[in-house]
>>> print(open('start.cif').read())   # mmCIF, C-alpha atoms (C1' of nucleotides)
data_query
loop_
_atom_site.label_atom_id
_atom_site.label_comp_id
_atom_site.auth_asym_id
_atom_site.auth_seq_id
_atom_site.Cartn_x
_atom_site.Cartn_y
_atom_site.Cartn_z
CA MET X 15 -6.92 8.07 116.07
CA ARG X 16 -3.31 7.53 116.88
CA ALA X 17 -3.01 3.78 117.01
CA GLU X 18 -2.75 2.11 113.66
CA LEU X 19 -5.90 0.66 112.29
CA PHE X 20 -6.39 -3.06 112.58
CA HIS X 21 -6.35 -5.13 109.43
CA PRO X 22 -6.41 -8.92 109.54
CA ASP X 23 -3.66 -10.75 107.71
CA ARG X 24 -4.72 -12.56 104.62
CA ASP X 25 -4.80 -15.96 106.30
CA GLU X 26 -6.70 -14.60 109.21
CA ILE X 27 -9.56 -13.41 107.08
CA SER X 28 -12.60 -15.35 108.26
CA LEU X 29 -15.38 -16.37 105.96
CA ASP X 30 -17.80 -15.90 108.81
CA ARG X 31 -16.82 -12.31 109.21
CA VAL X 32 -16.64 -11.56 105.53
CA LEU X 33 -20.09 -12.96 104.89
CA HIS X 34 -21.48 -11.06 107.79
CA ALA X 35 -19.85 -7.87 106.55
CA LEU X 36 -21.32 -8.38 103.11
CA SER X 37 -24.77 -9.21 104.39
CA ASP X 38 -25.55 -5.52 104.72
CA PRO X 39 -26.62 -3.65 101.57
CA ILE X 40 -24.72 -0.47 102.38
CA ARG X 41 -21.54 -2.33 103.12
CA ARG X 42 -21.96 -4.34 99.95
CA ASP X 43 -22.46 -1.14 98.03
CA VAL X 44 -19.28 0.33 99.46
CA ALA X 45 -17.46 -2.77 98.30
CA ARG X 46 -19.04 -2.37 94.88
CA VAL X 47 -17.94 1.22 94.62
CA LEU X 48 -14.42 0.26 95.63
CA HIS X 49 -14.42 -2.44 93.03
CA GLU X 50 -15.47 0.01 90.36
CA GLU X 51 -13.22 2.85 91.29
CA GLY X 52 -10.30 1.13 92.93
CA SER X 53 -10.24 3.35 95.94
CA ARG X 54 -12.07 6.21 97.48
CA VAL X 55 -11.88 8.83 100.13
CA CYS X 56 -14.35 8.06 102.87
CA GLY X 57 -16.00 11.45 102.64
CA GLN X 58 -16.94 10.87 99.07
CA LEU X 59 -19.33 8.15 100.01
CA ASP X 60 -22.89 9.28 100.14
CA TYR X 61 -25.52 7.33 102.01
CA PRO X 62 -28.61 8.36 103.90
CA ILE X 63 -27.16 7.46 107.27
CA ALA X 64 -25.34 9.30 110.03
CA LYS X 65 -21.60 9.78 109.77
CA SER X 66 -20.99 7.69 112.82
CA THR X 67 -23.07 4.90 111.36
CA LEU X 68 -21.09 4.92 108.14
CA SER X 69 -17.92 4.89 110.19
CA HIS X 70 -19.23 1.80 111.92
CA HIS X 71 -19.91 0.07 108.62
CA LEU X 72 -16.47 0.93 107.34
CA LYS X 73 -14.99 -0.51 110.49
CA VAL X 74 -16.84 -3.76 109.96
CA LEU X 75 -15.58 -3.92 106.39
CA ARG X 76 -12.03 -3.20 107.47
CA GLU X 77 -11.92 -5.57 110.40
CA SER X 78 -13.39 -8.38 108.35
CA GLY X 79 -10.64 -7.96 105.78
CA VAL X 80 -12.83 -6.84 102.90
CA MET X 81 -11.14 -3.49 102.54
CA HIS X 82 -8.07 -1.59 103.60
CA THR X 83 -7.99 1.85 105.12
CA GLU X 84 -5.03 4.11 104.62
CA VAL X 85 -4.71 7.20 106.75
CA ARG X 86 -3.71 10.20 104.69
CA GLY X 87 -3.73 13.36 106.66
CA THR X 88 -7.24 14.00 107.80
CA THR X 89 -8.76 11.74 105.25
CA ARG X 90 -8.86 8.02 104.85
CA VAL X 91 -8.46 6.25 101.59
CA ILE X 92 -10.24 2.95 101.45
CA THR X 93 -9.44 0.18 99.02
CA LEU X 94 -10.94 -3.21 98.27
CA ARG X 95 -8.62 -6.04 99.29
CA ARG X 96 -9.41 -7.72 96.07
CA ASP X 97 -6.38 -10.00 95.85
CA ASP X 98 -6.72 -11.16 99.40
CA ILE X 99 -10.40 -11.91 99.10
CA ASP X 100 -10.00 -13.48 95.68
CA THR X 101 -7.24 -15.68 96.99
CA ARG X 102 -9.04 -16.78 100.10
CA PHE X 103 -12.51 -17.06 98.63
CA PRO X 104 -12.38 -17.27 94.85
CA GLY X 105 -15.51 -16.08 93.16
CA LEU X 106 -17.01 -14.56 96.24
CA LEU X 107 -16.94 -10.96 95.11
CA ASP X 108 -18.67 -11.90 91.89
CA ALA X 109 -21.20 -14.06 93.67
CA VAL X 110 -22.25 -11.35 96.05
CA GLN X 111 -22.57 -8.95 93.16
CA VAL X 112 -19.85 -6.63 94.26
CA THR X 113 -18.54 -6.73 90.73
CA THR X 114 -21.89 -5.87 89.24
CA PRO X 115 -22.12 -2.36 87.78
CA ALA X 116 -25.80 -2.60 88.50
CA PRO X 117 -28.36 -0.78 90.62
CA ALA X 118 -26.91 -1.70 93.98
CA LEU X 119 -28.28 -0.93 97.38
CA THR X 120 -31.19 -3.18 96.70
CA ASP X 121 -31.92 -5.94 99.10
CA ALA X 122 -31.59 -8.41 96.30
CA MET W 21 -46.65 -27.41 113.84
CA ARG W 22 -49.76 -27.44 111.78
CA ALA W 23 -49.33 -24.41 109.56
CA GLU W 24 -47.21 -25.04 106.53
CA LEU W 25 -43.63 -23.95 106.78
CA PHE W 26 -42.68 -20.70 105.15
CA HIS W 27 -40.40 -20.79 102.15
CA PRO W 28 -39.63 -17.68 100.12
CA ASP W 29 -40.29 -17.81 96.40
CA ARG W 30 -37.24 -17.85 94.24
CA ASP W 31 -37.49 -14.16 93.37
CA GLU W 32 -38.03 -13.23 96.94
CA ILE W 33 -34.76 -14.73 98.06
CA SER W 34 -32.71 -11.88 99.46
CA LEU W 35 -28.95 -11.76 99.20
CA ASP W 36 -28.87 -10.01 102.56
CA ARG W 37 -30.62 -12.89 104.21
CA VAL W 38 -28.74 -15.59 102.41
CA LEU W 39 -25.38 -14.09 103.30
CA HIS W 40 -26.44 -13.71 106.87
CA ALA W 41 -27.63 -17.29 106.97
CA LEU W 42 -24.34 -18.49 105.58
CA SER W 43 -22.23 -16.38 107.91
CA ASP W 44 -22.62 -19.00 110.62
CA PRO W 45 -20.31 -22.01 110.47
CA ILE W 46 -22.92 -24.51 111.59
CA ARG W 47 -25.45 -23.27 109.09
CA ARG W 48 -22.82 -23.34 106.39
CA ASP W 49 -21.96 -26.87 107.35
CA VAL W 50 -25.58 -27.94 107.13
CA ALA W 51 -25.64 -26.48 103.64
CA ARG W 52 -22.47 -28.34 102.82
CA VAL W 53 -23.91 -31.63 104.02
CA LEU W 54 -27.04 -31.05 101.98
CA HIS W 55 -24.93 -30.32 98.96
CA GLU W 56 -23.03 -33.56 99.41
CA GLU W 57 -25.89 -35.81 100.21
CA GLY W 58 -28.79 -34.15 98.49
CA SER W 59 -31.10 -34.30 101.43
CA ARG W 60 -31.19 -35.33 105.01
CA VAL W 61 -33.47 -36.00 107.90
CA CYS W 62 -33.04 -33.32 110.55
CA GLY W 63 -32.30 -35.80 113.29
CA GLN W 64 -29.33 -37.14 111.43
CA LEU W 65 -27.48 -33.92 111.84
CA ASP W 66 -25.00 -33.99 114.66
CA TYR W 67 -23.65 -30.81 116.19
CA PRO W 68 -22.56 -29.93 119.70
CA ILE W 69 -25.52 -27.66 120.31
CA ALA W 70 -28.94 -28.02 121.84
CA LYS W 71 -31.74 -29.37 119.69
CA SER W 72 -33.65 -26.15 119.98
CA THR W 73 -30.63 -24.21 118.80
CA LEU W 74 -30.24 -26.42 115.77
CA SER W 75 -33.91 -25.99 115.07
CA HIS W 76 -33.35 -22.25 115.11
CA HIS W 77 -30.47 -22.51 112.64
CA LEU W 78 -32.55 -24.66 110.33
CA LYS W 79 -35.28 -22.08 110.46
CA VAL W 80 -32.86 -19.36 109.45
CA LEU W 81 -31.67 -21.48 106.55
CA ARG W 82 -35.21 -22.23 105.48
CA GLU W 83 -36.56 -18.72 105.76
CA SER W 84 -33.63 -17.27 103.88
CA GLY W 85 -34.31 -19.64 101.00
CA VAL W 86 -31.14 -21.66 101.27
CA MET W 87 -32.93 -24.90 101.95
CA HIS W 88 -36.33 -26.51 101.78
CA THR W 89 -38.01 -28.46 104.54
CA GLU W 90 -40.49 -31.18 103.78
CA VAL W 91 -42.62 -32.55 106.56
CA ARG W 92 -42.77 -36.32 106.44
CA GLY W 93 -44.59 -37.76 109.36
CA THR W 94 -42.73 -36.85 112.50
CA THR W 95 -39.56 -36.15 110.65
CA ARG W 96 -38.46 -33.37 108.36
CA VAL W 97 -36.45 -33.85 105.26
CA ILE W 98 -34.30 -30.89 104.37
CA THR W 99 -32.89 -30.16 100.95
CA LEU W 100 -30.59 -27.57 99.50
CA ARG W 101 -32.42 -25.22 97.11
CA ARG W 102 -29.55 -25.48 94.77
CA ASP W 103 -31.29 -24.43 91.58
CA ASP W 104 -32.89 -21.43 93.19
CA ILE W 105 -29.69 -20.21 94.78
CA ASP W 106 -27.64 -20.93 91.69
CA THR W 107 -30.10 -19.02 89.57
CA ARG W 108 -30.33 -16.04 91.82
CA PHE W 109 -26.70 -15.90 92.89
CA PRO W 110 -24.51 -17.84 90.50
CA GLY W 111 -21.31 -19.08 92.04
CA LEU W 112 -22.31 -18.26 95.57
CA LEU W 113 -22.45 -21.80 96.87
CA ASP W 114 -19.00 -22.48 95.51
CA ALA W 115 -17.63 -19.23 96.83
CA VAL W 116 -18.81 -19.86 100.36
CA GLN W 117 -17.35 -23.32 100.21
CA VAL W 118 -20.61 -25.12 100.53
CA THR W 119 -19.52 -27.29 97.64
CA THR W 120 -16.20 -28.12 99.25
CA PRO W 121 -15.88 -31.70 100.52
CA ALA W 122 -13.41 -30.33 103.00
CA PRO W 123 -13.02 -30.12 106.77
CA ALA W 124 -16.01 -27.93 107.43
CA LEU W 125 -17.11 -26.29 110.60
CA THR W 126 -13.97 -24.25 110.62
CA ASP W 127 -14.24 -20.54 110.89
CA ALA W 128 -12.31 -20.19 107.66
"C1'" DT B 11 -2.82 29.44 117.44
"C1'" DT B 12 -7.25 29.32 115.86
"C1'" DC B 13 -10.45 27.58 112.63
"C1'" DG B 14 -12.45 24.28 109.50
"C1'" DT B 15 -12.49 19.61 107.67
"C1'" DT B 16 -12.49 14.76 108.24
"C1'" DG B 17 -13.45 10.74 110.72
"C1'" DT B 18 -13.49 8.17 114.93
"C1'" DT B 19 -15.06 7.24 119.53
"C1'" DC B 20 -18.37 7.47 123.25
"C1'" DG B 21 -22.73 6.94 125.39
"C1'" DT B 22 -27.05 5.26 124.72
"C1'" DG B 23 -31.06 2.90 123.24
"C1'" DA B 24 -33.62 -0.43 120.23
"C1'" DA B 25 -33.60 -4.45 117.79
"C1'" DA B 26 -31.82 -8.78 116.41
"C1'" DC B 27 -29.28 -13.12 117.60
"C1'" DA B 28 -27.69 -17.30 119.80
"C1'" DT B 29 -28.40 -20.35 123.20
"C1'" DC B 30 -30.51 -23.24 126.53
"C1'" DG B 31 -34.07 -26.15 128.98
"C1'" DA B 32 -38.79 -27.06 129.43
"C1'" DA B 33 -43.11 -27.40 127.38
"C1'" DT B 34 -45.73 -28.51 123.45
"C1'" DA B 35 -47.47 -30.63 119.11
"C1'" DA B 36 -47.81 -34.26 115.65
"C1'" DG B 37 -47.22 -38.66 114.12
"C1'" DT B 38 -46.33 -43.72 114.85
"C1'" DC B 39 -46.61 -48.00 117.02
"C1'" DG B 40 -48.24 -51.12 120.46
"C1'" DC G 25 -55.75 -44.77 124.27
"C1'" DG G 26 -50.91 -44.34 125.89
"C1'" DA G 27 -46.06 -44.30 125.32
"C1'" DC G 28 -42.42 -42.99 122.38
"C1'" DT G 29 -40.09 -40.31 118.74
"C1'" DT G 30 -39.18 -36.14 116.31
"C1'" DA G 31 -38.89 -31.57 116.00
"C1'" DT G 32 -40.72 -26.92 116.95
"C1'" DT G 33 -42.04 -23.32 120.02
"C1'" DC G 34 -41.81 -20.75 124.26
"C1'" DG G 35 -39.62 -18.07 127.73
"C1'" DA G 36 -35.47 -16.42 129.68
"C1'" DT G 37 -30.87 -14.69 129.36
"C1'" DG G 38 -26.94 -12.57 127.65
"C1'" DT G 39 -24.52 -10.85 123.60
"C1'" DT G 40 -23.99 -8.39 119.44
"C1'" DT G 41 -25.46 -5.18 116.14
"C1'" DC G 42 -27.14 -0.92 114.32
"C1'" DA G 43 -28.38 3.57 114.81
"C1'" DC G 44 -27.96 8.33 116.35
"C1'" DG G 45 -25.98 12.79 118.20
"C1'" DA G 46 -22.35 14.79 120.74
"C1'" DA G 47 -17.73 15.00 121.88
"C1'" DC G 48 -13.13 14.35 120.58
"C1'" DA G 49 -8.68 13.87 117.86
"C1'" DA G 50 -5.74 14.81 113.98
"C1'" DC G 51 -4.39 17.47 110.37
"C1'" DG G 52 -3.84 21.48 107.27
"C1'" DA G 53 -4.43 26.19 106.30
"C1'" DA G 54 -5.13 30.94 107.49
#
>>> encode(input="start.cif", output="structure tokens")
Amino acid sequence: MRAELFHPDRDEISLDRVLHALSDPIRRDVARVLHEEGSRVCGQLDYPIAKSTLSHHLKVLRESGVMHTEVRGTTRVITLRRDDIDTRFPGLLDAVQVTTPAPALTDA
Amino acid sequence: MRAELFHPDRDEISLDRVLHALSDPIRRDVARVLHEEGSRVCGQLDYPIAKSTLSHHLKVLRESGVMHTEVRGTTRVITLRRDDIDTRFPGLLDAVQVTTPAPALTDA
DNA sequence: TTCGTTGTTCGTGAAACATCGAATAAGTCG
DNA sequence: CGACTTATTCGATGTTTCACGAACAACGAA
């Protein structure tokens, strides 16, 4: 946990990776929550999966460039990289229903 | 090859599956070509992969609901299910750059 | 320093994917 | 029928992904 967390630069954000990251309903829901609330402490996410599994999903989201993770003491604050995604792939967040207040976590 | 090919109904099209289908650059390029040209005979697609691999990709695209395959004699004509995708996920095709005349096949 | 909290990493399976070449099936044309 | 064309399916292989529990690391507070 010492080394800084990897985040791709804006221009390195790959559509392949982003689409893959968003092809999972939990990851999409995390993105949706971040969109709604701006940011969030990891621990305040609640899904019916193991901690390590959630950690994995958050890593996929981070490494794909969808969100940013800031280390703050023992907690991590995650944030949607809205500007970066919007710039690289305009309309994507809307299209994948991340900006929808809706039910979420459905395999729509 | 006798049984009819599976195509999901419009309401059965899953965002999970569609995003996964479109997370591959070749599959996205096929979608782009179909967008540009309306439809295409499978054999007129040219990618540096084995025929069986392409066949697999086309199956993923078909089963996810992104495209339709019509059997015509020994050939198959594939078509983008534009209306269905647009209805279910407005803006998605634009956002994933399927509607971009551009370079394509880049891991943008 | 010791404890509790927060998250990540590790080790490990199970499942899904991508890829290929060879075999197969269906249709068309001689 | 037989050869050819088109495309899928099969079988094999290797990779990646997802999932879990256990162990570990970092920090803050007692």
>>> resolve_selection(input="start.cif", expression="the PyMOL selection byres ((chain W) within 8 of (chain X))", output="ChimeraX atom specification")
/W:33-40,42-45,109-112,114-116,127-128
>>> write_last_selection(input="start.cif", atoms="C-alpha atoms", output="PDB file, in the coordinates of the input")
ATOM      1  CA  ILE W  33     -34.760 -14.730  98.060  1.00  0.00           C
ATOM      2  CA  SER W  34     -32.710 -11.880  99.460  1.00  0.00           C
ATOM      3  CA  LEU W  35     -28.950 -11.760  99.200  1.00  0.00           C
ATOM      4  CA  ASP W  36     -28.870 -10.010 102.560  1.00  0.00           C
ATOM      5  CA  ARG W  37     -30.620 -12.890 104.210  1.00  0.00           C
ATOM      6  CA  VAL W  38     -28.740 -15.590 102.410  1.00  0.00           C
ATOM      7  CA  LEU W  39     -25.380 -14.090 103.300  1.00  0.00           C
ATOM      8  CA  HIS W  40     -26.440 -13.710 106.870  1.00  0.00           C
ATOM      9  CA  LEU W  42     -24.340 -18.490 105.580  1.00  0.00           C
ATOM     10  CA  SER W  43     -22.230 -16.380 107.910  1.00  0.00           C
ATOM     11  CA  ASP W  44     -22.620 -19.000 110.620  1.00  0.00           C
ATOM     12  CA  PRO W  45     -20.310 -22.010 110.470  1.00  0.00           C
ATOM     13  CA  PHE W 109     -26.700 -15.900  92.890  1.00  0.00           C
ATOM     14  CA  PRO W 110     -24.510 -17.840  90.500  1.00  0.00           C
ATOM     15  CA  GLY W 111     -21.310 -19.080  92.040  1.00  0.00           C
ATOM     16  CA  LEU W 112     -22.310 -18.260  95.570  1.00  0.00           C
ATOM     17  CA  ASP W 114     -19.000 -22.480  95.510  1.00  0.00           C
ATOM     18  CA  ALA W 115     -17.630 -19.230  96.830  1.00  0.00           C
ATOM     19  CA  VAL W 116     -18.810 -19.860 100.360  1.00  0.00           C
ATOM     20  CA  ASP W 127     -14.240 -20.540 110.890  1.00  0.00           C
ATOM     21  CA  ALA W 128     -12.310 -20.190 107.660  1.00  0.00           C
TER      22      ALA W 128
END
>>> closest_residue(input="start.cif", among="W:Ile105, W:Cys62, W:Leu100, W:Val53", to="W:His76", atoms="all atoms listed in the file")
W:Cys62
>>> resolve_selection(input="start.cif", expression="the PyMOL selection byres ((chain B and resi 32-36) around 9)", output="ChimeraX atom specification")
/W:21-22,93-94 /B:31,37 /G:30,32-34
>>> resolve_selection(input="start.cif", expression="the PyMOL selection byres ((chain X and resi 67-69) around 9)", output="list in words")
Ile40, Arg41, Cys56, Leu59, Tyr61, Ile63, Ala64, Lys65, Ser66, His70, His71, Leu72, Lys73 and Val74 of chain X; DG17 and DT18 of chain B; DC42, DA43 and DC44 of chain G
>>> residues_around(input="start.cif", residues="G:DG52", least_positions_apart="2", cutoff="12 Å", atoms="all atoms listed in the file", output="PyMOL selection string")
(chain X and resi 86-89) or (chain B and resi 13-16) or (chain G and resi 50+54)
>>> residues_around(input="start.cif", residues="X:Arg96", least_positions_apart="4", cutoff="10 Å", atoms="all atoms listed in the file", output="short mmCIF file (atom, residue, chain, number, x, y, z; two decimals) with C-alpha atoms, in the coordinates of the input")
data_model
loop_
_atom_site.label_atom_id
_atom_site.label_comp_id
_atom_site.auth_asym_id
_atom_site.auth_seq_id
_atom_site.Cartn_x
_atom_site.Cartn_y
_atom_site.Cartn_z
CA ALA X 45 -17.46 -2.77 98.30
CA LEU X 48 -14.42 0.26 95.63
CA HIS X 49 -14.42 -2.44 93.03
CA GLY X 52 -10.30 1.13 92.93
CA GLY X 79 -10.64 -7.96 105.78
CA VAL X 80 -12.83 -6.84 102.90
CA MET X 81 -11.14 -3.49 102.54
CA HIS X 82 -8.07 -1.59 103.60
CA ASP X 100 -10.00 -13.48 95.68
CA THR X 101 -7.24 -15.68 96.99
CA ARG X 102 -9.04 -16.78 100.10
CA LEU X 107 -16.94 -10.96 95.11
#
>>> axis_aligned_box(input="start.cif", around="stretch 49-53 of chain G", padding_each_side="6 Å", output="AutoDock Vina command-line options")
--center_x -6.3 --center_y 20.0 --center_z 112.1 --size_x 16.8 --size_y 24.3 --size_z 23.6
>>> atom_distance(input="start.cif", atom1="atom CA of X:Gln58", atom2="atom C1' of B:DT19")
20.9 Å
>>> closest_residue(input="start.cif", among="G:DA31, G:DC51, G:DC25, G:DA36", to="chain W", atoms="only C-alpha atoms (C1' of nucleotides)")
G:DA31
>>> atom_distance(input="start.cif", atom1="atom C1' of G:DC48", atom2="atom CA of X:Val44")
26.1 Å
>>> atom_distance(input="start.cif", atom1="atom CA of W:Thr119", atom2="atom CA of W:Ser84")
18.4 Å
>>> build_atoms(input="start.cif", residues="stretch 35-66 of chain W", atoms="N, CA and C atoms", output="compact mmCIF listing (two decimals), keeping the file's coordinate frame")
# COMPACT_ATOMS: atom_id res chain seq x y z
N LEU W 35 -30.39 -11.54 99.02
CA LEU W 35 -28.95 -11.76 99.20
C LEU W 35 -28.54 -11.43 100.64
N ASP W 36 -29.12 -10.36 101.17
CA ASP W 36 -28.87 -10.01 102.56
C ASP W 36 -29.09 -11.21 103.47
N ARG W 37 -30.27 -11.78 103.33
CA ARG W 37 -30.62 -12.89 104.21
C ARG W 37 -29.79 -14.12 103.98
N VAL W 38 -29.53 -14.40 102.72
CA VAL W 38 -28.74 -15.59 102.41
C VAL W 38 -27.33 -15.45 102.97
N LEU W 39 -26.73 -14.29 102.79
CA LEU W 39 -25.38 -14.09 103.30
C LEU W 39 -25.36 -14.18 104.82
N HIS W 40 -26.39 -13.60 105.41
CA HIS W 40 -26.44 -13.71 106.87
C HIS W 40 -26.58 -15.17 107.30
N ALA W 41 -27.45 -15.88 106.63
CA ALA W 41 -27.63 -17.29 106.97
C ALA W 41 -26.32 -18.05 106.85
N LEU W 42 -25.56 -17.74 105.83
CA LEU W 42 -24.34 -18.49 105.58
C LEU W 42 -23.14 -17.96 106.35
N SER W 43 -23.35 -16.93 107.14
CA SER W 43 -22.23 -16.38 107.91
C SER W 43 -22.00 -17.15 109.20
N ASP W 44 -22.80 -18.16 109.43
CA ASP W 44 -22.62 -19.00 110.62
C ASP W 44 -22.04 -20.35 110.20
N PRO W 45 -20.99 -20.79 110.89
CA PRO W 45 -20.31 -22.01 110.47
C PRO W 45 -21.18 -23.26 110.54
N ILE W 46 -22.05 -23.33 111.52
CA ILE W 46 -22.92 -24.51 111.59
C ILE W 46 -23.91 -24.50 110.43
N ARG W 47 -24.49 -23.36 110.20
CA ARG W 47 -25.45 -23.27 109.09
C ARG W 47 -24.76 -23.56 107.77
N ARG W 48 -23.53 -23.07 107.63
CA ARG W 48 -22.82 -23.34 106.39
C ARG W 48 -22.52 -24.82 106.28
N ASP W 49 -22.26 -25.44 107.40
CA ASP W 49 -21.96 -26.87 107.35
C ASP W 49 -23.21 -27.67 106.99
N VAL W 50 -24.33 -27.25 107.50
CA VAL W 50 -25.58 -27.94 107.13
C VAL W 50 -25.75 -27.84 105.61
N ALA W 51 -25.52 -26.65 105.08
CA ALA W 51 -25.64 -26.48 103.64
C ALA W 51 -24.67 -27.40 102.90
N ARG W 52 -23.48 -27.51 103.45
CA ARG W 52 -22.47 -28.34 102.82
C ARG W 52 -22.91 -29.81 102.80
N VAL W 53 -23.43 -30.25 103.93
CA VAL W 53 -23.91 -31.63 104.02
C VAL W 53 -25.03 -31.86 103.01
N LEU W 54 -25.93 -30.90 102.92
CA LEU W 54 -27.04 -31.05 101.98
C LEU W 54 -26.53 -31.08 100.54
N HIS W 55 -25.51 -30.30 100.31
CA HIS W 55 -24.93 -30.32 98.96
C HIS W 55 -24.36 -31.69 98.65
N GLU W 56 -23.67 -32.26 99.62
CA GLU W 56 -23.03 -33.56 99.41
C GLU W 56 -24.02 -34.69 99.28
N GLU W 57 -25.03 -34.65 100.12
CA GLU W 57 -25.89 -35.81 100.21
C GLU W 57 -27.27 -35.59 99.63
N GLY W 58 -27.50 -34.40 99.11
CA GLY W 58 -28.79 -34.15 98.49
C GLY W 58 -29.83 -33.74 99.49
N SER W 59 -30.14 -34.67 100.40
CA SER W 59 -31.10 -34.30 101.43
C SER W 59 -30.78 -35.07 102.70
N ARG W 60 -31.54 -34.76 103.72
CA ARG W 60 -31.19 -35.33 105.01
C ARG W 60 -32.37 -35.19 105.95
N VAL W 61 -32.49 -36.14 106.85
CA VAL W 61 -33.47 -36.00 107.90
C VAL W 61 -32.82 -35.17 109.01
N CYS W 62 -33.58 -34.23 109.54
CA CYS W 62 -33.04 -33.32 110.55
C CYS W 62 -32.29 -34.06 111.64
N GLY W 63 -32.87 -35.10 112.15
CA GLY W 63 -32.30 -35.80 113.29
C GLY W 63 -30.96 -36.42 113.02
N GLN W 64 -30.62 -36.54 111.75
CA GLN W 64 -29.33 -37.14 111.43
C GLN W 64 -28.21 -36.12 111.33
N LEU W 65 -28.53 -34.92 111.75
CA LEU W 65 -27.48 -33.92 111.84
C LEU W 65 -26.91 -33.98 113.25
N ASP W 66 -25.60 -33.87 113.34
CA ASP W 66 -25.00 -33.99 114.66
C ASP W 66 -24.05 -32.83 114.93
